[in-house]
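Asks: Supplied structure: start-v4.cif, mmCIF, C-alpha atoms.
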data_start
loop_
_atom_site.group_PDB
_atom_site.id
_atom_site.type_symbol
_atom_site.label_atom_id
_atom_site.label_comp_id
_atom_site.auth_asym_id
_atom_site.auth_seq_id
_atom_site.Cartn_x
_atom_site.Cartn_y
_atom_site.Cartn_z
ATOM 1 C CA LEU U 1 32.881 -81.639 109.402
ATOM 2 C CA ALA U 2 36.224 -83.295 108.655
ATOM 3 C CA LEU U 3 37.848 -81.471 111.562
ATOM 4 C CA TYR U 4 35.074 -82.522 113.937
ATOM 5 C CA ALA U 5 35.506 -86.158 112.837
ATOM 6 C CA LEU U 6 39.275 -86.008 113.384
ATOM 7 C CA VAL U 7 38.981 -84.326 116.784
ATOM 8 C CA SER U 8 36.480 -86.944 117.926
ATOM 9 C CA TYR U 9 38.720 -89.784 116.842
ATOM 10 C CA ALA U 10 42.068 -88.341 117.997
ATOM 11 C CA SER U 11 40.650 -87.527 121.435
ATOM 12 C CA GLY U 12 38.504 -90.616 121.889
ATOM 13 C CA VAL U 13 41.035 -93.393 121.210
ATOM 14 C CA ASN U 14 43.250 -92.118 124.040
ATOM 15 C CA GLY U 15 46.353 -93.799 122.638
ATOM 16 C CA ASN U 16 44.764 -97.243 122.318
ATOM 17 C CA ILE U 17 45.270 -97.917 118.623
ATOM 18 C CA ASP U 18 44.924 -101.077 116.582
ATOM 19 C CA GLY U 19 44.174 -101.743 112.931
ATOM 20 C CA GLU U 20 40.684 -103.123 113.376
ATOM 21 C CA SER U 21 39.426 -100.227 115.505
ATOM 22 C CA PHE U 22 40.962 -97.756 113.028
ATOM 23 C CA ARG U 23 39.154 -99.517 110.181
ATOM 24 C CA LEU U 24 35.789 -99.268 111.965
ATOM 25 C CA HIS U 25 36.291 -95.603 112.876
ATOM 26 C CA SER U 26 37.404 -94.836 109.311
ATOM 27 C CA GLU U 27 34.353 -96.466 107.755
ATOM 28 C CA ASN U 28 32.091 -94.315 109.943
ATOM 29 C CA ILE U 29 33.996 -91.104 109.167
ATOM 30 C CA LEU U 30 34.175 -91.820 105.406
ATOM 31 C CA SER U 31 30.436 -92.483 105.277
ATOM 32 C CA ILE U 32 29.737 -89.171 107.037
ATOM 33 C CA LEU U 33 32.042 -87.288 104.649
ATOM 34 C CA GLY U 34 30.909 -89.200 101.564
ATOM 35 C CA GLU U 35 29.424 -86.188 99.743
ATOM 36 C CA ASN U 36 32.699 -84.296 100.177
ATOM 37 C CA ASP U 37 34.644 -86.981 98.300
ATOM 38 C CA PRO U 38 37.325 -87.825 100.906
ATOM 39 C CA GLU U 39 40.172 -89.886 99.463
ATOM 40 C CA ASN U 40 41.397 -91.700 102.569
ATOM 41 C CA LEU U 41 42.140 -91.626 106.273
ATOM 42 C CA GLY U 42 45.658 -92.330 107.446
ATOM 43 C CA TYR U 43 47.410 -92.999 110.733
ATOM 44 C CA PHE U 44 51.060 -91.902 111.127
ATOM 45 C CA LYS U 45 52.957 -93.919 113.731
ATOM 46 C CA PHE U 46 56.009 -92.472 115.482
ATOM 47 C CA VAL U 47 58.785 -95.059 115.177
ATOM 48 C CA ASN U 48 62.277 -94.640 116.626
ATOM 49 C CA ILE U 49 65.193 -96.352 114.902
ATOM 50 C CA SER U 50 65.351 -98.937 117.703
ATOM 51 C CA GLU U 51 61.686 -99.859 117.065
ATOM 52 C CA LYS U 52 61.917 -100.153 113.285
ATOM 53 C CA GLN U 53 62.132 -103.967 112.944
ATOM 54 C CA ASP U 54 59.350 -104.621 115.464
ATOM 55 C CA TYR U 55 57.135 -102.102 113.718
ATOM 56 C CA GLU U 56 57.727 -103.654 110.277
ATOM 57 C CA LYS U 57 56.884 -107.148 111.550
ATOM 58 C CA GLU U 58 53.692 -105.873 113.166
ATOM 59 C CA SER U 59 52.748 -104.026 109.968
ATOM 60 C CA LEU U 60 53.329 -107.118 107.813
ATOM 61 C CA ASP U 61 51.188 -109.289 110.082
ATOM 62 C CA TYR U 62 48.361 -106.750 110.002
ATOM 63 C CA VAL U 63 48.287 -106.294 106.209
ATOM 64 C CA LEU U 64 48.404 -110.057 105.627
ATOM 65 C CA SER U 65 45.541 -110.517 108.089
ATOM 66 C CA ARG U 66 43.489 -108.090 105.995
ATOM 67 C CA LEU U 67 44.484 -109.228 102.508
ATOM 68 C CA GLY U 68 45.123 -112.921 103.161
ATOM 69 C CA GLU U 69 48.362 -114.898 103.302
ATOM 70 C CA ASN U 70 48.222 -115.729 99.575
ATOM 71 C CA THR U 71 47.659 -112.194 98.301
ATOM 72 C CA THR U 72 49.519 -111.211 95.122
ATOM 73 C CA LEU U 73 49.232 -107.491 95.825
ATOM 74 C CA GLU U 74 52.477 -105.582 96.375
ATOM 75 C CA TRP U 75 53.213 -102.987 99.036
ATOM 76 C CA ASN U 76 56.139 -101.638 101.049
ATOM 77 C CA LYS U 77 56.864 -104.330 103.607
ATOM 78 C CA GLU U 78 59.532 -102.085 105.127
ATOM 79 C CA ILE U 79 59.497 -98.378 105.900
ATOM 80 C CA ALA U 80 59.906 -96.576 102.554
ATOM 81 C CA GLN U 81 61.239 -93.078 101.884
ATOM 82 C CA ILE U 82 61.489 -90.747 98.919
ATOM 83 C CA PRO U 83 64.873 -90.667 97.063
ATOM 84 C CA GLU U 84 67.797 -89.510 99.184
ATOM 85 C CA GLU U 85 68.434 -86.327 97.210
ATOM 86 C CA PHE U 86 65.023 -85.013 98.304
ATOM 87 C CA GLN U 87 65.418 -85.964 101.964
ATOM 88 C CA ARG U 88 66.367 -83.003 104.095
ATOM 89 C CA ARG U 89 66.121 -82.226 107.782
ATOM 90 C CA THR U 90 64.420 -78.873 107.962
ATOM 91 C CA GLU U 91 63.880 -76.598 110.940
ATOM 92 C CA PHE U 92 60.599 -78.477 111.461
ATOM 93 C CA TYR U 93 62.211 -81.892 112.036
ATOM 94 C CA PRO U 94 60.889 -83.195 115.407
ATOM 95 C CA SER U 95 63.009 -81.982 118.304
ATOM 96 C CA TYR U 96 62.017 -85.106 120.256
ATOM 97 C CA CYS U 97 63.872 -87.192 117.649
ATOM 98 C CA PRO U 98 67.602 -86.465 118.125
ATOM 99 C CA ASP U 99 68.593 -89.636 116.262
ATOM 100 C CA GLU U 100 66.904 -91.214 113.252
ATOM 101 C CA CYS U 101 63.157 -91.712 113.493
ATOM 102 C CA PHE U 102 60.233 -92.255 111.146
ATOM 103 C CA TYR U 103 56.566 -91.442 110.694
ATOM 104 C CA PRO U 104 55.330 -94.304 108.501
ATOM 105 C CA ILE U 105 51.691 -94.572 107.467
ATOM 106 C CA GLN U 106 50.747 -97.505 109.672
ATOM 107 C CA TYR U 107 47.070 -97.681 108.759
ATOM 108 C CA VAL U 108 45.162 -96.275 105.781
ATOM 109 C CA GLU U 109 41.557 -96.760 104.779
ATOM 110 C CA PRO U 110 40.321 -97.797 102.289
ATOM 111 C CA LEU U 111 43.294 -100.171 102.391
ATOM 112 C CA THR U 112 43.335 -101.870 98.975
ATOM 113 C CA SER U 113 43.129 -98.692 96.881
ATOM 114 C CA ASN U 114 45.792 -96.997 99.040
ATOM 115 C CA LEU U 115 48.083 -99.974 99.604
ATOM 116 C CA GLY U 116 51.020 -98.118 98.046
ATOM 117 C CA ALA U 117 50.962 -95.643 100.936
ATOM 118 C CA VAL U 118 51.433 -98.251 103.670
ATOM 119 C CA ASN U 119 54.768 -97.784 105.490
ATOM 120 C CA PHE U 120 55.677 -94.663 103.514
ATOM 121 C CA ASP U 121 57.653 -92.393 105.839
ATOM 122 C CA ILE U 122 56.105 -88.951 105.469
ATOM 123 C CA LEU U 123 58.933 -87.496 107.559
ATOM 124 C CA SER U 124 61.212 -88.023 104.545
ATOM 125 C CA ARG U 125 59.302 -85.229 102.771
ATOM 126 C CA PRO U 126 60.427 -81.777 103.958
ATOM 127 C CA ASP U 127 56.985 -80.263 103.301
ATOM 128 C CA ARG U 128 55.284 -82.864 105.492
ATOM 129 C CA GLN U 129 57.782 -82.203 108.318
ATOM 130 C CA LYS U 130 56.333 -78.713 108.429
ATOM 131 C CA ASP U 131 52.742 -79.988 108.395
ATOM 132 C CA LEU U 132 53.386 -82.278 111.359
ATOM 133 C CA SER U 133 55.171 -79.550 113.299
ATOM 134 C CA LEU U 134 52.331 -77.052 112.795
ATOM 135 C CA ALA U 135 49.709 -79.686 113.608
ATOM 136 C CA ARG U 136 51.544 -80.455 116.861
ATOM 137 C CA LYS U 137 51.806 -76.750 117.696
ATOM 138 C CA PHE U 138 48.259 -75.629 116.869
ATOM 139 C CA GLY U 139 46.310 -78.881 117.288
ATOM 140 C CA ARG U 140 45.484 -79.148 113.586
ATOM 141 C CA GLN U 141 46.897 -78.314 110.184
ATOM 142 C CA LEU U 142 45.514 -78.008 106.653
ATOM 143 C CA SER U 143 48.357 -78.822 104.281
ATOM 144 C CA HIS U 144 49.090 -77.079 101.021
ATOM 145 C CA PRO U 145 48.257 -79.076 97.836
ATOM 146 C CA PHE U 146 50.623 -81.999 97.190
ATOM 147 C CA GLU U 147 50.839 -85.237 95.204
ATOM 148 C CA LEU U 148 50.113 -88.427 97.114
ATOM 149 C CA PHE U 149 52.833 -91.069 97.185
ATOM 150 C CA GLN U 150 50.416 -93.763 95.977
ATOM 151 C CA ASP U 151 48.561 -91.803 93.292
ATOM 152 C CA GLN U 152 49.029 -92.777 89.674
ATOM 153 C CA VAL U 153 48.553 -90.872 86.424
ATOM 154 C CA GLY U 154 44.837 -90.725 85.665
ATOM 155 C CA ASP U 155 43.001 -91.327 82.405
ATOM 156 C CA ASP U 156 43.360 -87.643 81.543
ATOM 157 C CA GLY U 157 47.156 -87.845 81.884
ATOM 158 C CA ARG U 158 47.512 -85.977 85.146
ATOM 159 C CA ILE U 159 48.251 -86.825 88.763
ATOM 160 C CA PRO U 160 45.681 -84.991 90.913
ATOM 161 C CA PHE U 161 46.792 -82.965 93.916
ATOM 162 C CA SER U 162 45.352 -83.474 97.392
ATOM 163 C CA VAL U 163 45.165 -81.604 100.685
ATOM 164 C CA ALA U 164 45.454 -83.157 104.142
ATOM 165 C CA LEU U 165 43.719 -82.148 107.356
ATOM 166 C CA ILE U 166 46.055 -83.375 110.131
ATOM 167 C CA ARG U 167 45.399 -83.809 113.839
ATOM 168 C CA PRO U 168 47.726 -85.095 116.610
ATOM 169 C CA VAL U 169 46.431 -88.125 118.527
ATOM 170 C CA LEU U 170 45.938 -87.465 122.234
ATOM 171 C CA ASN U 171 48.514 -89.000 124.634
ATOM 172 C CA THR U 172 50.782 -90.157 121.784
ATOM 173 C CA LEU U 173 53.336 -88.761 119.335
ATOM 174 C CA ASP U 174 51.182 -90.051 116.472
ATOM 175 C CA PHE U 175 48.955 -88.232 113.966
ATOM 176 C CA VAL U 176 45.781 -88.963 112.040
ATOM 177 C CA ASP U 177 44.704 -87.246 108.833
ATOM 178 C CA ILE U 178 41.945 -87.031 106.245
ATOM 179 C CA ILE U 179 42.985 -86.649 102.617
ATOM 180 C CA ILE U 180 40.639 -84.703 100.342
ATOM 181 C CA LYS U 181 41.205 -84.394 96.608
ATOM 182 C CA PHE U 182 42.153 -80.868 95.648
ATOM 183 C CA ASP U 183 39.818 -81.278 92.665
ATOM 184 C CA THR U 184 36.995 -81.202 95.228
ATOM 185 C CA VAL U 185 38.314 -77.895 96.583
ATOM 186 C CA LEU U 186 38.573 -76.474 93.051
ATOM 187 C CA LYS U 187 35.000 -77.478 92.225
ATOM 188 C CA GLU U 188 33.766 -75.855 95.436
ATOM 189 C CA ILE U 189 35.668 -72.637 94.684
ATOM 190 C CA THR U 190 34.420 -72.329 91.102
ATOM 191 C CA LYS U 191 30.928 -73.862 91.239
ATOM 192 C CA SER U 192 29.263 -70.419 90.997
ATOM 193 C CA SER U 193 31.524 -69.150 88.206
ATOM 194 C CA SER U 194 30.115 -67.491 85.107
ATOM 195 C CA PRO U 195 30.582 -68.958 81.601
ATOM 196 C CA GLY U 196 34.006 -68.510 80.080
ATOM 197 C CA LEU U 197 35.778 -68.050 83.402
ATOM 198 C CA VAL U 198 39.023 -69.990 83.854
ATOM 199 C CA THR U 199 40.519 -70.328 87.360
ATOM 200 C CA ILE U 200 44.126 -71.546 87.548
ATOM 201 C CA LEU U 201 46.249 -72.182 90.640
ATOM 202 C CA HIS U 202 50.032 -72.360 90.991
ATOM 203 C CA GLN U 203 52.231 -72.682 94.070
ATOM 204 C CA THR U 204 55.874 -72.006 94.792
ATOM 205 C CA THR U 205 58.001 -75.049 95.582
ATOM 206 C CA LYS U 206 61.636 -75.588 96.469
ATOM 207 C CA ASP U 207 63.281 -78.304 94.390
ATOM 208 C CA ILE U 208 66.791 -79.017 95.722
ATOM 209 C CA GLY U 209 67.511 -75.379 96.424
ATOM 210 C CA ARG U 210 65.741 -73.965 93.353
ATOM 211 C CA LYS U 211 62.483 -72.090 93.705
ATOM 212 C CA ASN U 212 59.869 -72.987 91.116
ATOM 213 C CA VAL U 213 56.278 -72.039 90.390
ATOM 214 C CA GLU U 214 54.365 -75.292 90.008
ATOM 215 C CA PHE U 215 51.004 -75.822 88.315
ATOM 216 C CA VAL U 216 48.474 -77.189 90.826
ATOM 217 C CA GLY U 217 45.259 -77.264 88.809
ATOM 218 C CA GLY U 218 42.422 -75.253 87.405
ATOM 219 C CA THR U 219 38.875 -75.289 86.104
ATOM 220 C CA GLU U 220 37.109 -73.737 83.139
ATOM 221 C CA VAL U 221 33.363 -73.169 82.839
ATOM 222 C CA ASN U 222 31.574 -73.559 79.486
ATOM 223 C CA GLU U 223 28.384 -71.936 78.194
ATOM 224 C CA ASN U 224 26.271 -74.602 79.929
ATOM 225 C CA LEU U 225 27.895 -73.789 83.293
ATOM 226 C CA GLU U 226 29.667 -77.160 83.213
ATOM 227 C CA SER U 227 33.090 -77.192 84.843
ATOM 228 C CA SER U 228 36.077 -79.166 83.530
ATOM 229 C CA PHE U 229 39.676 -79.399 84.709
ATOM 230 C CA VAL U 230 42.473 -77.548 82.958
ATOM 231 C CA TRP U 231 45.050 -79.853 81.400
ATOM 232 C CA PRO U 232 47.890 -79.934 80.289
ATOM 233 C CA PRO U 233 49.745 -77.787 82.875
ATOM 234 C CA VAL U 234 49.833 -74.063 82.267
ATOM 235 C CA ASN U 235 53.089 -72.166 82.766
ATOM 236 C CA TYR U 236 52.511 -69.297 85.212
ATOM 237 C CA HIS U 237 54.880 -66.806 83.567
ATOM 238 C CA GLU U 238 53.290 -67.418 80.159
ATOM 239 C CA LEU U 239 49.771 -67.334 81.586
ATOM 240 C CA ILE U 240 49.979 -63.823 83.020
ATOM 241 C CA LYS U 241 51.039 -62.492 79.590
ATOM 242 C CA GLN U 242 47.931 -63.873 77.852
ATOM 243 C CA ASP U 243 44.914 -61.861 76.749
ATOM 244 C CA GLY U 244 41.786 -61.986 78.854
ATOM 245 C CA ILE U 245 43.534 -62.003 82.233
ATOM 246 C CA ILE U 246 41.211 -60.545 84.864
ATOM 247 C CA GLY U 247 43.731 -60.635 87.679
ATOM 248 C CA SER U 248 46.143 -62.714 89.750
ATOM 249 C CA ARG U 249 46.197 -62.873 93.524
ATOM 250 C CA ARG U 250 48.831 -64.189 95.908
ATOM 251 C CA ILE U 251 47.618 -66.274 98.855
ATOM 252 C CA ASP U 252 49.665 -67.517 101.812
ATOM 253 C CA TRP U 253 48.509 -71.041 102.659
ATOM 254 C CA SER U 254 50.153 -73.051 105.439
ATOM 255 C CA GLY U 255 53.443 -71.240 104.931
ATOM 256 C CA GLU U 256 53.394 -71.806 101.171
ATOM 257 C CA THR U 257 52.579 -69.252 98.473
ATOM 258 C CA LEU U 258 49.723 -69.884 96.036
ATOM 259 C CA PHE U 259 48.819 -67.794 93.014
ATOM 260 C CA VAL U 260 45.194 -67.728 91.831
ATOM 261 C CA THR U 261 44.800 -66.375 88.294
ATOM 262 C CA LEU U 262 41.443 -65.613 86.627
ATOM 263 C CA ARG U 263 41.078 -65.457 82.862
ATOM 264 C CA ARG U 264 38.037 -64.811 80.672
ATOM 265 C CA ASP U 265 38.145 -66.999 77.542
ATOM 266 C CA TYR U 266 35.072 -65.539 75.884
ATOM 267 C CA ILE U 267 32.183 -63.181 76.561
ATOM 268 C CA ASP U 268 28.887 -64.862 77.288
ATOM 269 C CA ARG U 269 26.470 -63.430 74.691
ATOM 270 C CA SER U 270 23.463 -63.779 76.967
ATOM 271 C CA TYR U 271 25.152 -61.410 79.416
ATOM 272 C CA LEU U 272 26.073 -59.117 76.499
ATOM 273 C CA VAL U 273 22.426 -58.932 75.327
ATOM 274 C CA THR U 274 21.328 -58.113 78.858
ATOM 275 C CA ALA U 275 23.954 -55.381 79.107
ATOM 276 C CA VAL U 276 22.799 -53.848 75.785
ATOM 277 C CA LEU U 277 19.141 -53.901 76.884
ATOM 278 C CA ILE U 278 20.049 -52.215 80.171
ATOM 279 C CA ALA U 279 22.015 -49.573 78.255
ATOM 280 C CA PHE U 280 19.084 -48.808 75.915
ATOM 281 C CA LEU U 281 16.724 -48.760 78.870
ATOM 282 C CA GLY U 282 18.995 -46.258 80.565
ATOM 283 C CA ILE U 283 19.066 -44.062 77.473
ATOM 284 C CA GLY U 284 15.275 -44.258 77.170
ATOM 285 C CA MET U 285 14.772 -43.281 80.794
ATOM 286 C CA SER U 286 17.152 -40.343 80.337
ATOM 287 C CA VAL U 287 15.130 -39.110 77.325
ATOM 288 C CA VAL U 288 11.866 -39.440 79.246
ATOM 289 C CA LEU U 289 13.273 -37.568 82.252
ATOM 290 C CA ALA U 290 14.697 -34.811 80.023
ATOM 291 C CA TYR U 291 11.372 -34.437 78.198
ATOM 292 C CA SER U 292 9.484 -34.325 81.493
ATOM 293 C CA PHE U 293 11.845 -31.635 82.784
ATOM 294 C CA PHE U 294 11.451 -29.354 79.777
ATOM 295 C CA TYR U 295 7.703 -29.954 79.645
ATOM 296 C CA SER U 296 7.351 -28.939 83.297
ATOM 297 C CA ARG U 297 9.354 -25.745 82.598
ATOM 298 C CA LYS U 298 6.886 -24.819 79.861
#
Before we go any further, please render this structure as structure tokens.
Replies:
Amino acid sequence: LALYALVSYASGVNGNIDGESFRLHSENILSILGENDPENLGYFKFVNISEKQDYEKESLDYVLSRLGENTTLEWNKEIAQIPEEFQRRTEFYPSYCPDECFYPIQYVEPLTSNLGAVNFDILSRPDRQKDLSLARKFGRQLSHPFELFQDQVGDDGRIPFSVALIRPVLNTLDFVDIIIKFDTVLKEITKSSSPGLVTILHQTTKDIGRKNVEFVGGTEVNENLESSFVWPPVNYHELIKQDGIIGSRRIDWSGETLFVTLRRDYIDRSYLVTAVLIAFLGIGMSVVLAYSFFYSRK
């Protein structure tokens, strides 16, 4: 459904983009996807270094027109990037950008709750360079789980991960995406789980040349089949040594490696009673069959 919405928008606008039309399209798409808990829609504008100042002025005028000239809210009024030590040109850096260029988030809806994302240059993140390259190559891309630039620590002490479905905009170098909370994906994966089952996900990441296994999230199901999120983070190497591990599986997702580990915290007694009854029933049937056999021989 999200892909259909993106394809319709990216093909229909035909390169004619402005903030108001994006807002109207976004409201329609978000209402359609409401049950799937989408976080936001974003529009990534290709900006060459020579266009930077004009873009920033246009962006400022648009945000002020939405929030009002006297707004006290803060946002990036210039193109913002992650710290320099994390900025790297990978093999996926756009070949059509020989000099310095940017992919700032020009529009995002809902605007107020995602104001911190405005003008953030996603091209400064090496992982997003890859997402854009694959989206350009294949017409769409589902990113691996990542932390949003604008997300804050929640009430439970964690920053939730998200996934992005990205689509290039027809007749432009721009992109549009839908962000969905990874918690939504986790709930969908584990909604049919049995009591006591814990599902935990990790992914490999490269942090300035070092390869790490990072905790992404997890769910655990109680006796009432209610699912809750695993927190604090669980170390992968310690997890696989714990008792109750059912198994761990490696999954390749958008060029990244994810590890899904299943653990059983306790045995559901209702299932145990059922298993015992089935066992006794089996024994009883065996006795009856054996008796019938010997009786027929006589």
Asks: Pick out the closest residue to U:Leu201 from this set: U:Leu258, U:Val185, U:Ile159, U:Ile79. Count only C-alpha atoms.
Replies: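 Using only C-alpha atoms, the shortest distance to U:Leu201 belongs to U:Leu258.
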Asks: Around stretch 36-54 of chain U, fit a box with edges along x, y and z, padding it by 5 Å on each side, then list its centre and edge lengths in Å to one decimal as JSON.
Replies:
{"center_x": 49.0, "center_y": -94.5, "center_z": 108.0, "size_x": 42.7, "size_y": 30.3, "size_z": 29.4}
Asks: Any chance you could tabulate, as CSV, the residues of stretch 119-223 of chain U at most 8 Å from stretch 236-257 of chain U with each one's nearest atom pair and distance in Å to one decimal, using only C-alpha atoms, in chain and rising number order?
Replies:
residue,atom,partner,partner_atom,distance
U:Asp131,CA,U:Ser254,CA,8.0
U:Gln141,CA,U:Ser254,CA,7.8
U:Leu142,CA,U:Ser254,CA,6.9
U:Ser143,CA,U:Ser254,CA,6.2
U:His144,CA,U:Ser254,CA,6.1
U:His202,CA,U:Tyr236,CA,7.0
U:Gln203,CA,U:Thr257,CA,5.6
U:Thr204,CA,U:Thr257,CA,5.7
U:Thr205,CA,U:Glu256,CA,7.9
U:Val213,CA,U:Tyr236,CA,7.0
U:Glu214,CA,U:Tyr236,CA,7.9
U:Phe215,CA,U:Tyr236,CA,7.4
Asks: Using atom CA of U:Val176 and atom CA of U:Ser95 as the two end points, give the distance in Å to one decimal.
Replies: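 If I compute the distance from atom CA of U:Val176 to atom CA of U:Ser95, I get 19.6 Å.
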Asks: Using the chain letters and residue numbers of this document, give as a ChimeraX atom specification the residues selected by the PyMOL selection byres ((chain U and resi 9) around 10).
Replies: /U:3-8,10-14,22,25-26,29,167,169-170,176
Asks: Take the residues from that selection and put them in a file with C-alpha atoms, as a compact mmCIF listing (two decimals), in the coordinates of the input.
Replies:
# COMPACT_ATOMS: atom_id res chain seq x y z
CA LEU U 3 37.85 -81.47 111.56
CA TYR U 4 35.07 -82.52 113.94
CA ALA U 5 35.51 -86.16 112.84
CA LEU U 6 39.28 -86.01 113.38
CA VAL U 7 38.98 -84.33 116.78
CA SER U 8 36.48 -86.94 117.93
CA ALA U 10 42.07 -88.34 118.00
CA SER U 11 40.65 -87.53 121.44
CA GLY U 12 38.50 -90.62 121.89
CA VAL U 13 41.04 -93.39 121.21
CA ASN U 14 43.25 -92.12 124.04
CA PHE U 22 40.96 -97.76 113.03
CA HIS U 25 36.29 -95.60 112.88
CA SER U 26 37.40 -94.84 109.31
CA ILE U 29 34.00 -91.10 109.17
CA ARG U 167 45.40 -83.81 113.84
CA VAL U 169 46.43 -88.12 118.53
CA LEU U 170 45.94 -87.46 122.23
CA VAL U 176 45.78 -88.96 112.04
Asks: Check which residues satisfy the PyMOL selection byres ((chain U and resi 45) around 10) in the file shown, then give them as a list in words.
Replies: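 For this structure, the PyMOL selection byres ((chain U and resi 45) around 10) captures Ile17, Gly42, Tyr43, Phe44, Phe46, Val47, Asn48, Tyr55, Phe102, Tyr103, Pro104, Ile105, Gln106, Tyr107, Asn119, Asp121, Val169, Thr172, Leu173, Asp174, Phe175 and Val176 of chain U.
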Asks: Report the distance between atom CA of U:Asn222 and atom CA of U:Glu39 in Å, rounded to one decimal place.
Replies: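 Between these atoms lies a distance of 27.2 Å.
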